[in-house]
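Novice: This is upload_15.pdb, which holds PDB, C-alpha atoms:
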```pdb
MODEL        1
ATOM      1  CA  MET A  90       3.754 -17.297  21.320
ATOM      2  CA  LEU A  91       4.729 -13.626  21.719
ATOM      3  CA  ILE A  92       7.323 -13.955  18.972
ATOM      4  CA  ALA A  93       4.709 -15.393  16.606
ATOM      5  CA  VAL A  94       2.346 -12.511  17.416
ATOM      6  CA  LEU A  95       5.106  -9.979  16.770
ATOM      7  CA  ILE A  96       6.050 -11.627  13.467
ATOM      8  CA  THR A  97       2.365 -11.624  12.431
ATOM      9  CA  THR A  98       1.898  -7.940  13.235
ATOM     10  CA  VAL A  99       5.114  -6.876  11.498
ATOM     11  CA  SER A 100       4.427  -9.086   8.462
ATOM     12  CA  TRP A 101       0.919  -7.691   7.935
ATOM     13  CA  GLY A 102       2.230  -4.175   8.462
ATOM     14  CA  LEU A 103       5.038  -4.669   5.933
ATOM     15  CA  GLY A 104       2.647  -6.219   3.392
ATOM     16  CA  GLY A 105       0.969  -2.865   2.812
ATOM     17  CA  VAL A 106       4.318  -1.128   2.384
ATOM     18  CA  PHE A 107       5.369  -3.572  -0.346
ATOM     19  CA  ASP A 108       1.957  -3.131  -2.013
ATOM     20  CA  LYS A 109       2.648   0.589  -2.217
ATOM     21  CA  LEU A 110       6.231   0.114  -3.465
ATOM     22  CA  GLY A 111       4.975  -2.289  -6.135
ATOM     23  CA  LEU A 112       2.250   0.096  -7.305
ATOM     24  CA  ASP A 113       4.640   3.074  -7.306
ATOM     25  CA  SER A 114       6.957   1.098  -9.602
ATOM     26  CA  MET A 115       4.162   0.703 -12.195
ATOM     27  CA  PRO A 116       2.696   4.232 -12.351
ATOM     28  CA  ASP A 117       0.991   3.973 -15.751
ATOM     29  CA  MET A 118      -0.635   0.578 -15.228
ATOM     30  CA  PRO A 119      -4.026  -0.291 -13.716
ATOM     31  CA  ALA A 120      -4.082  -1.582 -10.147
ATOM     32  CA  THR A 121      -5.952  -4.691 -11.350
ATOM     33  CA  SER A 122      -2.786  -6.067 -12.980
ATOM     34  CA  ALA A 123      -0.954  -5.838  -9.635
ATOM     35  CA  VAL A 124      -3.834  -7.633  -7.892
ATOM     36  CA  VAL A 125      -3.722 -10.487 -10.433
ATOM     37  CA  VAL A 126       0.042 -10.955  -9.938
ATOM     38  CA  ARG A 127       0.025 -10.537  -6.161
ATOM     39  CA  GLN A 128      -2.938 -12.845  -5.446
ATOM     40  CA  THR A 129      -1.670 -15.517  -7.849
ATOM     41  CA  MET A 130       1.708 -15.536  -6.098
ATOM     42  CA  ALA A 131      -0.049 -15.708  -2.720
ATOM     43  CA  LEU A 132      -2.153 -18.679  -3.894
ATOM     44  CA  VAL A 133       0.915 -20.553  -5.162
ATOM     45  CA  ALA A 134       2.813 -19.886  -1.921
ATOM     46  CA  LEU A 135      -0.136 -20.921   0.269
ATOM     47  CA  GLY A 136      -0.654 -24.052  -1.849
ATOM     48  CA  ILE A 137       3.011 -24.986  -1.388
ATOM     49  CA  TRP A 138       2.780 -24.321   2.347
ATOM     50  CA  LEU A 139      -0.358 -26.474   2.664
ATOM     51  CA  SER A 140       1.216 -29.329   0.694
ATOM     52  CA  VAL A 141       4.425 -29.188   2.779
ATOM     53  CA  THR A 142       2.805 -28.954   6.222
ATOM     54  CA  MET A 143      -0.165 -31.239   5.601
ATOM     55  CA  SER A 144      -1.342 -32.358   2.225
ATOM     56  CA  LEU A 145      -3.403 -30.940  -0.595
ATOM     57  CA  LYS A 146      -5.801 -33.781   0.279
ATOM     58  CA  GLU A 147      -6.888 -31.528   3.164
ATOM     59  CA  LEU A 148      -8.833 -29.577   0.521
ATOM     60  CA  ARG A 149     -10.999 -32.662  -0.116
ATOM     61  CA  ARG A 150     -12.118 -32.576   3.525
ATOM     62  CA  VAL A 151     -13.667 -29.122   3.070
ATOM     63  CA  PRO A 152     -17.467 -29.687   2.834
ATOM     64  CA  ALA A 153     -19.405 -28.489  -0.227
ATOM     65  CA  LEU A 154     -21.297 -25.838   1.752
ATOM     66  CA  ALA A 155     -18.010 -24.390   3.013
ATOM     67  CA  TRP A 156     -16.769 -24.184  -0.607
ATOM     68  CA  VAL A 157     -19.837 -22.065  -1.422
ATOM     69  CA  TYR A 158     -19.240 -19.697   1.507
ATOM     70  CA  LEU A 159     -15.521 -19.465   0.741
ATOM     71  CA  ALA A 160     -16.280 -18.801  -2.929
ATOM     72  CA  ILE A 161     -18.460 -15.823  -1.960
ATOM     73  CA  SER A 162     -15.803 -14.597   0.474
ATOM     74  CA  GLY A 163     -12.995 -15.087  -2.041
ATOM     75  CA  ILE A 164     -14.740 -13.433  -4.988
ATOM     76  CA  PHE A 165     -16.070 -10.428  -3.082
ATOM     77  CA  GLY A 166     -13.647 -10.087  -0.167
ATOM     78  CA  VAL A 167     -10.253 -10.952  -1.594
ATOM     79  CA  GLY A 168     -11.136 -10.391  -5.274
ATOM     80  CA  ILE A 169     -13.301  -7.263  -5.539
ATOM     81  CA  GLY A 170     -12.133  -5.930  -2.161
ATOM     82  CA  GLY A 171      -8.521  -6.498  -3.216
ATOM     83  CA  ILE A 172      -8.966  -4.541  -6.440
ATOM     84  CA  ALA A 173     -10.619  -1.646  -4.561
ATOM     85  CA  TYR A 174      -7.828  -1.700  -1.945
ATOM     86  CA  PHE A 175      -5.061  -1.669  -4.576
ATOM     87  CA  TYR A 176      -6.831   1.173  -6.412
ATOM     88  CA  ALA A 177      -6.939   3.202  -3.176
ATOM     89  CA  VAL A 178      -3.279   2.406  -2.408
ATOM     90  CA  GLN A 179      -2.212   3.370  -5.936
ATOM     91  CA  HIS A 180      -3.834   6.805  -5.705
ATOM     92  CA  GLY A 181      -3.440   7.505  -1.985
ATOM     93  CA  GLU A 182      -1.001   7.322   0.911
ATOM     94  CA  ILE A 183      -0.441   3.807   2.250
ATOM     95  CA  SER A 184      -0.226   5.170   5.809
ATOM     96  CA  THR A 185      -3.838   6.393   5.488
ATOM     97  CA  VAL A 186      -5.410   3.663   3.327
ATOM     98  CA  VAL A 187      -4.134   0.707   5.403
ATOM     99  CA  VAL A 188      -5.403   2.198   8.654
ATOM    100  CA  PHE A 189      -8.736   3.086   7.040
ATOM    101  CA  CYS A 190      -9.278  -0.405   5.591
ATOM    102  CA  SER A 191      -8.188  -2.046   8.861
ATOM    103  CA  GLY A 192     -11.499  -0.843  10.315
ATOM    104  CA  TYR A 193     -13.375  -3.668   8.567
ATOM    105  CA  PRO A 194     -13.808  -5.860  11.704
ATOM    106  CA  MET A 195     -16.180  -3.169  12.982
ATOM    107  CA  LEU A 196     -18.457  -3.828  10.003
ATOM    108  CA  THR A 197     -18.132  -7.592  10.482
ATOM    109  CA  LEU A 198     -19.142  -7.383  14.132
ATOM    110  CA  PHE A 199     -22.292  -5.432  13.266
ATOM    111  CA  LEU A 200     -23.212  -7.662  10.338
ATOM    112  CA  ALA A 201     -22.747 -10.585  12.731
ATOM    113  CA  VAL A 202     -25.644  -9.298  14.850
ATOM    114  CA  PRO A 203     -28.397 -10.019  12.264
ATOM    115  CA  PHE A 204     -26.638 -12.762  10.262
ATOM    116  CA  LEU A 205     -24.857 -14.783  12.960
ATOM    117  CA  ARG A 206     -27.141 -13.699  15.836
ATOM    118  CA  GLU A 207     -24.279 -12.376  17.932
ATOM    119  CA  ALA A 208     -25.044  -9.979  20.782
ATOM    120  CA  VAL A 209     -24.601  -6.189  20.832
ATOM    121  CA  THR A 210     -22.361  -5.295  23.783
ATOM    122  CA  TRP A 211     -20.950  -2.104  25.314
ATOM    123  CA  PRO A 212     -17.383  -2.851  24.161
ATOM    124  CA  LYS A 213     -18.690  -3.205  20.589
ATOM    125  CA  GLY A 214     -20.393   0.197  20.895
ATOM    126  CA  VAL A 215     -17.339   1.942  22.379
ATOM    127  CA  GLY A 216     -14.953   0.257  19.939
ATOM    128  CA  THR A 217     -17.145   1.188  16.988
ATOM    129  CA  LEU A 218     -17.329   4.836  18.054
ATOM    130  CA  LEU A 219     -13.526   4.973  18.297
ATOM    131  CA  VAL A 220     -13.048   3.298  14.900
ATOM    132  CA  VAL A 221     -15.627   5.504  13.156
ATOM    133  CA  GLY A 222     -14.102   8.623  14.737
ATOM    134  CA  GLY A 223     -10.651   7.543  13.594
ATOM    135  CA  LEU A 224     -11.864   6.801  10.062
ATOM    136  CA  VAL A 225     -13.519  10.230   9.812
ATOM    137  CA  LEU A 226     -10.285  11.923  10.913
ATOM    138  CA  LEU A 227      -8.283   9.875   8.392
ATOM    139  CA  SER A 228     -10.694  10.673   5.572
ATOM    140  CA  VAL A 229     -10.207  14.432   6.143
ATOM    141  CA  SER A 230      -6.488  14.164   6.903
ATOM    142  CA  GLY A 231      -5.365  15.782   3.664
ATOM    143  CA  ALA A 232      -4.046  14.630   0.304
ATOM    144  CA  GLY A 233      -4.085  10.941  -0.455
TER     145      GLY A 233
ATOM    146  CA  MET B 170      -8.130  11.507   1.231
ATOM    147  CA  THR B 171      -9.459  12.323  -2.216
ATOM    148  CA  GLY B 172     -12.920  11.131  -3.246
ATOM    149  CA  TYR B 173     -11.634   8.259  -5.405
ATOM    150  CA  VAL B 174      -9.233   7.027  -2.719
ATOM    151  CA  LEU B 175     -11.957   7.225  -0.086
ATOM    152  CA  ALA B 176     -14.370   5.338  -2.378
ATOM    153  CA  GLY B 177     -11.797   2.591  -3.011
ATOM    154  CA  ALA B 178     -10.977   2.278   0.695
ATOM    155  CA  LEU B 179     -14.662   2.182   1.651
ATOM    156  CA  ILE B 180     -15.438  -0.514  -0.947
ATOM    157  CA  ALA B 181     -12.453  -2.566   0.266
ATOM    158  CA  MET B 182     -13.507  -2.197   3.895
ATOM    159  CA  ALA B 183     -17.122  -3.114   3.082
ATOM    160  CA  ALA B 184     -16.029  -6.125   0.995
ATOM    161  CA  TRP B 185     -13.633  -7.429   3.668
ATOM    162  CA  GLY B 186     -16.113  -6.797   6.486
ATOM    163  CA  SER B 187     -18.928  -8.620   4.659
ATOM    164  CA  ALA B 188     -16.692 -11.464   3.461
ATOM    165  CA  ALA B 189     -15.664 -12.244   7.027
ATOM    166  CA  ILE B 190     -19.273 -13.268   7.733
ATOM    167  CA  PHE B 191     -19.000 -15.944   5.026
ATOM    168  CA  ASP B 192     -15.575 -16.985   6.360
ATOM    169  CA  LYS B 193     -17.185 -17.587   9.725
ATOM    170  CA  LEU B 194     -20.095 -19.535   8.167
ATOM    171  CA  ALA B 195     -17.587 -21.633   6.192
ATOM    172  CA  LEU B 196     -15.461 -22.392   9.256
ATOM    173  CA  ASN B 197     -18.598 -23.353  11.196
ATOM    174  CA  ALA B 198     -19.388 -25.820   8.411
ATOM    175  CA  MET B 199     -15.909 -27.401   8.359
ATOM    176  CA  ARG B 200     -15.063 -28.302  11.926
ATOM    177  CA  GLY B 201     -11.962 -30.476  12.167
ATOM    178  CA  VAL B 202     -10.509 -29.251   8.872
ATOM    179  CA  SER B 203      -7.463 -26.963   8.937
ATOM    180  CA  PRO B 204      -8.291 -23.230   8.506
ATOM    181  CA  LEU B 205      -5.295 -23.117   6.150
ATOM    182  CA  ALA B 206      -7.320 -25.248   3.721
ATOM    183  CA  ALA B 207     -10.071 -22.621   3.928
ATOM    184  CA  VAL B 208      -7.559 -19.894   3.138
ATOM    185  CA  VAL B 209      -6.371 -21.825   0.065
ATOM    186  CA  VAL B 210      -9.922 -22.520  -1.163
ATOM    187  CA  ARG B 211     -10.870 -18.879  -0.716
ATOM    188  CA  MET B 212      -7.743 -17.754  -2.548
ATOM    189  CA  ILE B 213      -8.529 -20.100  -5.477
ATOM    190  CA  PHE B 214     -11.844 -18.288  -6.030
ATOM    191  CA  ALA B 215     -10.243 -14.898  -5.436
ATOM    192  CA  VAL B 216      -7.584 -15.528  -8.079
ATOM    193  CA  ALA B 217     -10.245 -16.801 -10.495
ATOM    194  CA  ALA B 218     -12.315 -13.643  -9.898
ATOM    195  CA  VAL B 219      -9.447 -11.183 -10.362
ATOM    196  CA  CYS B 220      -8.274 -13.093 -13.462
ATOM    197  CA  VAL B 221     -11.759 -12.749 -15.000
ATOM    198  CA  VAL B 222     -11.751  -9.023 -14.201
ATOM    199  CA  GLY B 223      -8.194  -8.824 -15.553
ATOM    200  CA  VAL B 224      -9.103 -10.542 -18.833
ATOM    201  CA  PHE B 225     -12.091  -8.251 -19.416
ATOM    202  CA  SER B 226     -10.101  -5.123 -18.560
ATOM    203  CA  GLY B 227      -7.179  -6.279 -20.732
ATOM    204  CA  VAL B 228      -4.324  -6.257 -18.221
ATOM    205  CA  GLY B 229      -2.403  -9.107 -19.861
ATOM    206  CA  GLU B 230      -0.050  -6.785 -21.731
ATOM    207  CA  ASP B 231       0.463  -4.692 -18.592
ATOM    208  CA  ILE B 232       1.562  -7.767 -16.651
ATOM    209  CA  ILE B 233       4.001  -8.781 -19.407
ATOM    210  CA  ALA B 234       5.400  -5.236 -19.425
ATOM    211  CA  MET B 235       5.879  -5.070 -15.649
ATOM    212  CA  ARG B 236       9.393  -4.333 -14.425
ATOM    213  CA  PRO B 237      11.130  -7.137 -12.465
ATOM    214  CA  MET B 238      11.225  -4.899  -9.391
ATOM    215  CA  THR B 239       7.417  -4.683  -9.419
ATOM    216  CA  PHE B 240       7.224  -8.486  -9.297
ATOM    217  CA  VAL B 241       9.698  -8.499  -6.405
ATOM    218  CA  TYR B 242       7.652  -5.981  -4.388
ATOM    219  CA  LEU B 243       4.371  -7.809  -5.045
ATOM    220  CA  ALA B 244       5.998 -11.150  -4.193
ATOM    221  CA  LEU B 245       7.275  -9.686  -0.912
ATOM    222  CA  SER B 246       3.776  -8.384  -0.143
ATOM    223  CA  ALA B 247       2.292 -11.832  -0.798
ATOM    224  CA  LEU B 248       5.053 -13.505   1.224
ATOM    225  CA  PHE B 249       4.769 -11.257   4.279
ATOM    226  CA  ALA B 250       1.012 -10.585   4.429
ATOM    227  CA  ALA B 251      -0.506 -13.753   2.955
ATOM    228  CA  VAL B 252       2.002 -16.419   3.974
ATOM    229  CA  ILE B 253       4.307 -15.544   6.900
ATOM    230  CA  GLY B 254       1.703 -13.391   8.680
ATOM    231  CA  GLN B 255      -1.049 -15.948   8.144
ATOM    232  CA  VAL B 256       1.018 -18.932   9.276
ATOM    233  CA  THR B 257       2.425 -17.264  12.413
ATOM    234  CA  TYR B 258      -1.079 -15.987  13.198
ATOM    235  CA  TYR B 259      -2.455 -19.535  13.244
ATOM    236  CA  TYR B 260       0.534 -20.687  15.300
ATOM    237  CA  ALA B 261      -0.044 -17.904  17.861
ATOM    238  CA  ALA B 262      -3.823 -18.471  17.913
ATOM    239  CA  ASN B 263      -3.279 -22.178  18.578
ATOM    240  CA  ALA B 264      -0.596 -21.566  21.208
ATOM    241  CA  GLY B 265      -2.364 -18.812  23.141
ATOM    242  CA  GLU B 266      -5.689 -17.095  23.700
ATOM    243  CA  VAL B 267      -7.209 -16.068  20.383
ATOM    244  CA  SER B 268      -8.720 -12.863  21.774
ATOM    245  CA  LYS B 269      -5.303 -11.637  22.960
ATOM    246  CA  VAL B 270      -3.633 -12.591  19.688
ATOM    247  CA  VAL B 271      -6.326 -10.815  17.647
ATOM    248  CA  ALA B 272      -6.206  -7.719  19.855
ATOM    249  CA  PHE B 273      -2.432  -7.413  19.626
ATOM    250  CA  THR B 274      -2.239  -8.038  15.881
ATOM    251  CA  ALA B 275      -4.933  -5.378  15.309
ATOM    252  CA  GLY B 276      -2.031  -2.965  15.785
ATOM    253  CA  TYR B 277      -0.463  -3.942  12.435
ATOM    254  CA  PRO B 278      -1.448  -0.617  10.784
ATOM    255  CA  LEU B 279       0.940   1.086  13.228
ATOM    256  CA  VAL B 280       3.819  -0.828  11.583
ATOM    257  CA  THR B 281       2.653   0.280   8.137
ATOM    258  CA  VAL B 282       2.327   3.921   9.237
ATOM    259  CA  ALA B 283       5.758   3.909  10.915
ATOM    260  CA  VAL B 284       7.492   2.415   7.853
ATOM    261  CA  ALA B 285       5.551   4.586   5.381
ATOM    262  CA  ILE B 286       6.523   7.757   7.219
ATOM    263  CA  SER B 287      10.138   6.815   7.935
ATOM    264  CA  LEU B 288      11.062   5.028   4.677
ATOM    265  CA  LEU B 289       8.526   6.174   2.049
ATOM    266  CA  GLY B 290       8.537   9.797   3.212
ATOM    267  CA  GLU B 291       4.757  10.073   3.582
ATOM    268  CA  PRO B 292       3.727  13.161   5.592
ATOM    269  CA  LEU B 293       2.940  12.927   9.309
ATOM    270  CA  THR B 294      -0.005  15.093  10.358
ATOM    271  CA  TRP B 295      -1.835  15.451  13.664
ATOM    272  CA  LEU B 296      -5.085  14.315  12.044
ATOM    273  CA  LYS B 297      -3.371  11.174  10.725
ATOM    274  CA  VAL B 298      -1.792  10.413  14.131
ATOM    275  CA  LEU B 299      -5.070  10.955  15.975
ATOM    276  CA  GLY B 300      -7.103   9.030  13.366
ATOM    277  CA  THR B 301      -4.663   6.107  13.448
ATOM    278  CA  LEU B 302      -4.576   5.940  17.253
ATOM    279  CA  MET B 303      -8.383   6.129  17.505
ATOM    280  CA  THR B 304      -8.875   3.427  14.846
ATOM    281  CA  VAL B 305      -6.317   1.043  16.353
ATOM    282  CA  SER B 306      -7.656   1.689  19.886
ATOM    283  CA  GLY B 307     -11.185   0.981  18.665
ATOM    284  CA  LEU B 308     -10.046  -2.237  16.971
ATOM    285  CA  PHE B 309      -8.295  -3.266  20.188
ATOM    286  CA  VAL B 310     -11.485  -2.716  22.197
ATOM    287  CA  LEU B 311     -13.608  -4.550  19.602
ATOM    288  CA  THR B 312     -11.306  -7.538  19.341
ATOM    289  CA  ALA B 313     -10.221  -7.807  22.992
ATOM    290  CA  PHE B 314     -13.638  -7.263  24.616
ATOM    291  CA  GLY B 315     -16.186  -7.499  21.813
ATOM    292  CA  SER B 316     -15.773 -11.195  20.921
ATOM    293  CA  GLY B 317     -14.328 -10.270  17.551
ATOM    294  CA  LYS B 318     -12.538 -13.446  16.502
ATOM    295  CA  GLN B 319     -10.733 -12.559  13.292
ATOM    296  CA  VAL B 320     -10.195 -16.046  11.943
ATOM    297  CA  ILE B 321      -9.016 -15.255   8.435
ATOM    298  CA  LYS B 322      -7.072 -12.091   7.908
ATOM    299  CA  GLU B 323      -7.650  -9.845   4.871
ATOM    300  CA  PRO B 324      -6.507  -9.252   2.269
TER     301      PRO B 324
ENDMDL
END
```
Kindly transcribe the structure held in the file into structure tokens.

Specialist:
Amino acid sequence: MLIAVLITTVSWGLGGVFDKLGLDSMPDMPATSAVVVRQTMALVALGIWLSVTMSLKELRRVPALAWVYLAISGIFGVGIGGIAYFYAVQHGEISTVVVFCSGYPMLTLFLAVPFLREAVTWPKGVGTLLVVGGLVLLSVSGAG
Amino acid sequence: MTGYVLAGALIAMAAWGSAAIFDKLALNAMRGVSPLAAVVVRMIFAVAAVCVVGVFSGVGEDIIAMRPMTFVYLALSALFAAVIGQVTYYYAANAGEVSKVVAFTAGYPLVTVAVAISLLGEPLTWLKVLGTLMTVSGLFVLTAFGSGKQVIKEP
């Protein structure tokens, strides 16, 4: 299990580095073109993985309501959010942008209070203060 | 961070943070179905959305003109972040306690920072070090003790 966790952490960490290398190799092009290529390749790879490990028929088992929720998440989260992220990476330092964007679970936890009726707890308060403090420091940390 | 970079990062963070609510609602509605199917469905709509934006902003010629190395880098990003990382994450979450897996993997920005500074030559400043440590520590606290179950990883 520990090896899988390590591979996950390193893989996600390296993903941002390759995003930056890709964008640096196309300096005069809009970030949107990189998002189109990158997400399409990810979809193809995930589709292949799903078909190899299970079956594409698994998609038929996803209920209609879940398709609606996933459509909203995909369009706004991965789509619009992805374009904004690639724009920030193209014009900034990856070491700052990745850390900054990684703070999104804080927002999720607080949106979960009214929308999913989850409780507000002390760890959420302390964790949020740390994340917000870190994000403020990163936002004033200089160029990029 | 410049204003434009900060705006982009804030929009991304807000979009990912809000989208996770819908991920959770979707997973609640599809008990017994593999989360990997949810990832694929979500990515189908994401690709459709970015393709629509791409068509209207006219990026077709840019994509054709891309250097092969750009494709290689973007493919490696997709492979590591969207495929290998996602698959091993599900394996770890199934094999162990999700809260511990989520808390540990919240440290992934440290890998990015280390590689960006050592290989890409990005500057290391005290503000960046302190900001990174505070953010990752806060994420650890949120995910380890705040019931933050990150079921589908962005982006």

Novice: Contacts of A:Met130 at 9 Å or less, counting all atoms listed in the file, minus same-chain residues fewer than 2 places along, as a list in words?

Specialist: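 Those residues are Val125, Val126, Arg127, Gln128, Leu132, Val133, Ala134 and Leu135 of chain A; Leu243, Ala244, Ala247 and Leu248 of chain B.
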
Novice: Stretch 194-199 of chain A: which residues within 9 Å, counting all atoms listed in the file, same-chain residues fewer than 5 positions away excluded, as a list in words?

Specialist: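 Near neighbours after the sequence-gap exclusion: Glu207, Val209, Lys213, Gly216, Thr217, Val220 and Val221 of chain A; Met182, Ala183, Trp185, Gly186, Ser187, Ala188, Ala189, Ile190, Gly307, Leu308, Leu311, Thr312, Gly315, Ser316, Gly317 and Gln319 of chain B.
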
Novice: Atom CA of B:Ser226 and atom CA of A:Phe107 are how many Å apart?

Specialist: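 Calculated distance between atom CA of B:Ser226 and atom CA of A:Phe107 is 23.9 Å.
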
Novice: Find the residue from A:Thr121, A:Gln179, A:Thr185, A:Thr142 that sits nearest to B:Thr301; use all atoms listed in the file when measuring.

Specialist: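 Going through A:Thr121, A:Gln179, A:Thr185, A:Thr142 one by one, the smallest distance to B:Thr301 is for A:Thr185.
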
Novice: Given only C-alpha atoms as the basis, pick out the residue of B:Ala313, B:Val174, B:Val282, B:Thr304 nearest to B:Val270.

Specialist: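 Looking only at the distances to B:Val270, the closest residue turns out to be B:Ala313.
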